[in-house]
Structure formats: C-alpha cells, structure tokens
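One file, input.tsv, is given below (TSV, C-alpha atoms and all ligand atoms).
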chain	number	residue	atom	x	y	z
A	1493	MET	CA	-8.98	-25.21	8.30
A	1494	ASP	CA	-12.45	-23.95	7.33
A	1495	LEU	CA	-13.31	-20.56	5.90
A	1496	THR	CA	-14.21	-18.98	9.26
A	1497	GLN	CA	-10.84	-19.89	10.75
A	1498	PHE	CA	-9.06	-18.57	7.66
A	1499	VAL	CA	-10.90	-15.21	7.89
A	1500	VAL	CA	-10.06	-14.88	11.60
A	1501	VAL	CA	-6.37	-15.66	11.04
A	1502	ALA	CA	-6.19	-13.33	8.03
A	1503	GLY	CA	-7.80	-10.57	10.10
A	1504	ILE	CA	-5.26	-11.03	12.89
A	1505	VAL	CA	-2.38	-10.95	10.38
A	1506	VAL	CA	-3.70	-7.74	8.77
A	1507	ALA	CA	-4.19	-6.11	12.19
A	1508	VAL	CA	-0.65	-6.99	13.32
A	1509	LEU	CA	0.84	-5.76	10.03
A	1510	THR	CA	-1.14	-2.51	10.33
A	1511	PHE	CA	0.11	-1.83	13.86
A	1512	ILE	CA	3.72	-2.53	12.85
A	1513	VAL	CA	3.81	-0.96	9.38
A	1514	TRP	CA	1.60	2.12	10.01
A	1515	PRO	CA	3.87	3.76	12.66
A	1516	ILE	CA	6.95	3.21	10.48
A	1517	PHE	CA	5.35	4.80	7.40
A	1518	GLY	CA	3.78	7.54	9.51
A	1519	ARG	CA	7.15	8.52	11.00
A	1520	ALA	CA	8.81	8.50	7.57
A	1521	ALA	CA	6.07	10.73	6.13
A	1522	ARG	CA	6.37	13.27	8.97
A	1523	GLY	CA	10.15	13.37	8.58
A	1524	ARG	CA	9.86	14.24	4.89
A	1525	ALA	CA	7.11	16.86	5.21
A	1526	PRO	CA	8.25	19.85	3.07
A	1527	GLY	CA	7.57	23.45	4.05
A	1528	ALA	CA	6.58	22.49	7.58
A	1529	ASN	CA	9.93	23.53	9.03
A	1530	PRO	CA	9.71	26.96	10.74
A	1531	ALA	CA	13.51	27.30	10.45
A	1532	ASP	CA	13.29	27.13	6.64
A	1533	PRO	CA	15.92	29.66	5.38
A	1534	ALA	CA	13.60	31.08	2.68
A	1535	ARG	CA	10.94	31.69	5.33
A	1536	ILE	CA	13.45	33.41	7.62
A	1537	GLU	CA	14.65	35.63	4.74
A	1538	GLN	CA	11.03	36.57	4.00
A	1539	ARG	CA	10.40	37.53	7.63
A	1540	ILE	CA	13.62	39.57	7.75
A	1541	GLY	CA	12.52	41.39	4.58
A	1542	GLU	CA	9.11	42.12	6.10
A	1543	TYR	CA	10.74	43.47	9.25
A	1544	ARG	CA	13.17	45.67	7.30
A	1545	SER	CA	10.40	47.26	5.23
A	1546	ALA	CA	8.34	47.75	8.39
A	1547	LEU	CA	11.33	49.52	9.99
A	1548	ARG	CA	11.55	51.85	6.96
A	1549	ARG	CA	7.82	52.61	7.15
A	1550	GLY	CA	8.02	53.06	10.92
A	1551	THR	CA	5.44	50.36	11.53
A	1552	ALA	CA	7.75	47.86	13.25
A	1553	CYS	CA	6.54	47.40	16.82
A	1554	GLU	CA	8.95	48.64	19.52
A	1555	GLN	CA	7.48	46.19	22.02
A	1556	CYS	CA	7.35	42.90	20.12
A	1557	ALA	CA	9.05	43.69	16.75
A	1558	PHE	CA	5.98	42.65	14.77
A	1559	PRO	CA	6.13	44.11	11.21
A	1560	ASN	CA	2.78	45.86	10.92
A	1561	ARG	CA	1.22	46.92	7.62
A	1562	GLU	CA	1.62	50.46	6.28
A	1563	GLY	CA	-0.59	53.05	7.94
A	1564	ALA	CA	-1.09	50.99	11.09
A	1565	ARG	CA	-1.32	53.07	14.29
A	1566	PHE	CA	-1.25	50.22	16.79
A	1567	CYS	CA	0.57	46.89	16.75
A	1568	GLN	CA	-1.49	44.13	15.23
A	1569	GLU	CA	0.23	41.62	17.51
A	1570	CYS	CA	0.41	43.23	20.98
A	1571	GLY	CA	-1.62	46.44	20.60
A	1572	ALA	CA	1.26	48.82	21.49
A	1573	ARG	CA	1.24	52.30	19.93
A	1574	LEU	CA	3.51	52.41	16.87
A	1575	PRO	CA	6.24	55.01	16.21
A	1576	ALA	CA	4.46	56.08	12.99
A	1577	ALA	CA	1.28	56.85	14.93
A	1578	GLY	CA	2.47	60.42	15.53
A	1579	PRO	CA	2.52	63.20	12.91
A	1580	ALA	CA	2.91	61.68	9.47
A	1581	SER	CA	6.48	61.81	8.17
A	1582	ALA	CA	6.46	61.09	4.46
B	1601	ZN	ZN	3.76	44.68	19.15

If you convert what's in this file into structure tokens, what do you get?
Amino acid sequence: MDLTQFVVVAGIVVAVLTFIVWPIFGRAARGRAPGANPADPARIEQRIGEYRSALRRGTACEQCAFPNREGARFCQECGARLPAAGPASA
C-alpha cells in the first residue's frame, strides 16, 4: 500500500466516523442543554411573579395577559388598551 492509498483509506475512515459519531454527540449535547427548557420551574415562577405585580399595578393585559411595565397605556404585546389607562389610581 503506497502513501496515496493510505491517505484515501484514512480519509474514508475519518468521514465514516464523523457521520456516525457526530449525530450521537450532537443529540447528547442537545439533551443536556441547560436553561433552554421553557418549562423550567424557576422561569415559570418568574413569569407568575411578573404577572402578579402587573395585576397589582393594573398593567396586566385583559386581552392576552401580558404583564406590561408600569405606566403603560397600551399592551406591549397585542396593543389593547390597558385598565390603568384611565384616570390614575395611586
Ligand atoms: Zn395584550
């Protein structure tokens, strides 16, 4: 076997290994990805907290329940008029 044949065979072996090993490692990496889960309990708690404080401020949207920031007159998400848009109630 001369050098050219060796390089060709080695290249084929590397290519085959890449196509077999890469998908396995790729799948394992995606499965372990931290913080990418939208159902993460800490994230849900944070969103509930945001919604509660928006309810207290009167900036929670009646149409889509988006917790808008204080002083907002219209929903940032859907554009609906907010309950707090009327006369200010401190
Ligand atoms: Zn809305």

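The spacing separating atom CA of Arg1519 of chain A from atom CA of Ala1531 of chain A amounts to 19.8 Å.
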
(message) If I take atom CA of Cys1556 of chain A and atom CA of Gly1541 of chain A, how far is one from the other in Å, to one decimal?
(response) 16.4 Å

(message) Hey, which residues sit close to ligand ZN 1601 (chain B)? Say within 9 Å, counting only C-alpha atoms and all ligand atoms, and write them as a PyMOL selection string.
(response) chain A and resi 1552-1560+1566-1574

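As for atom CA of Glu1537 of chain A and atom CA of Arg1565 of chain A, they are spaced 25.5 Å apart.
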
(request) Write out as number ranges by chain each polymer residue whose atoms come within 8 Å of Arg1561 of chain A, counting all atoms listed in the file; drop sequence neighbours fewer than 2 positions from it. (result) A: 1546, 1551, 1559, 1563-1564
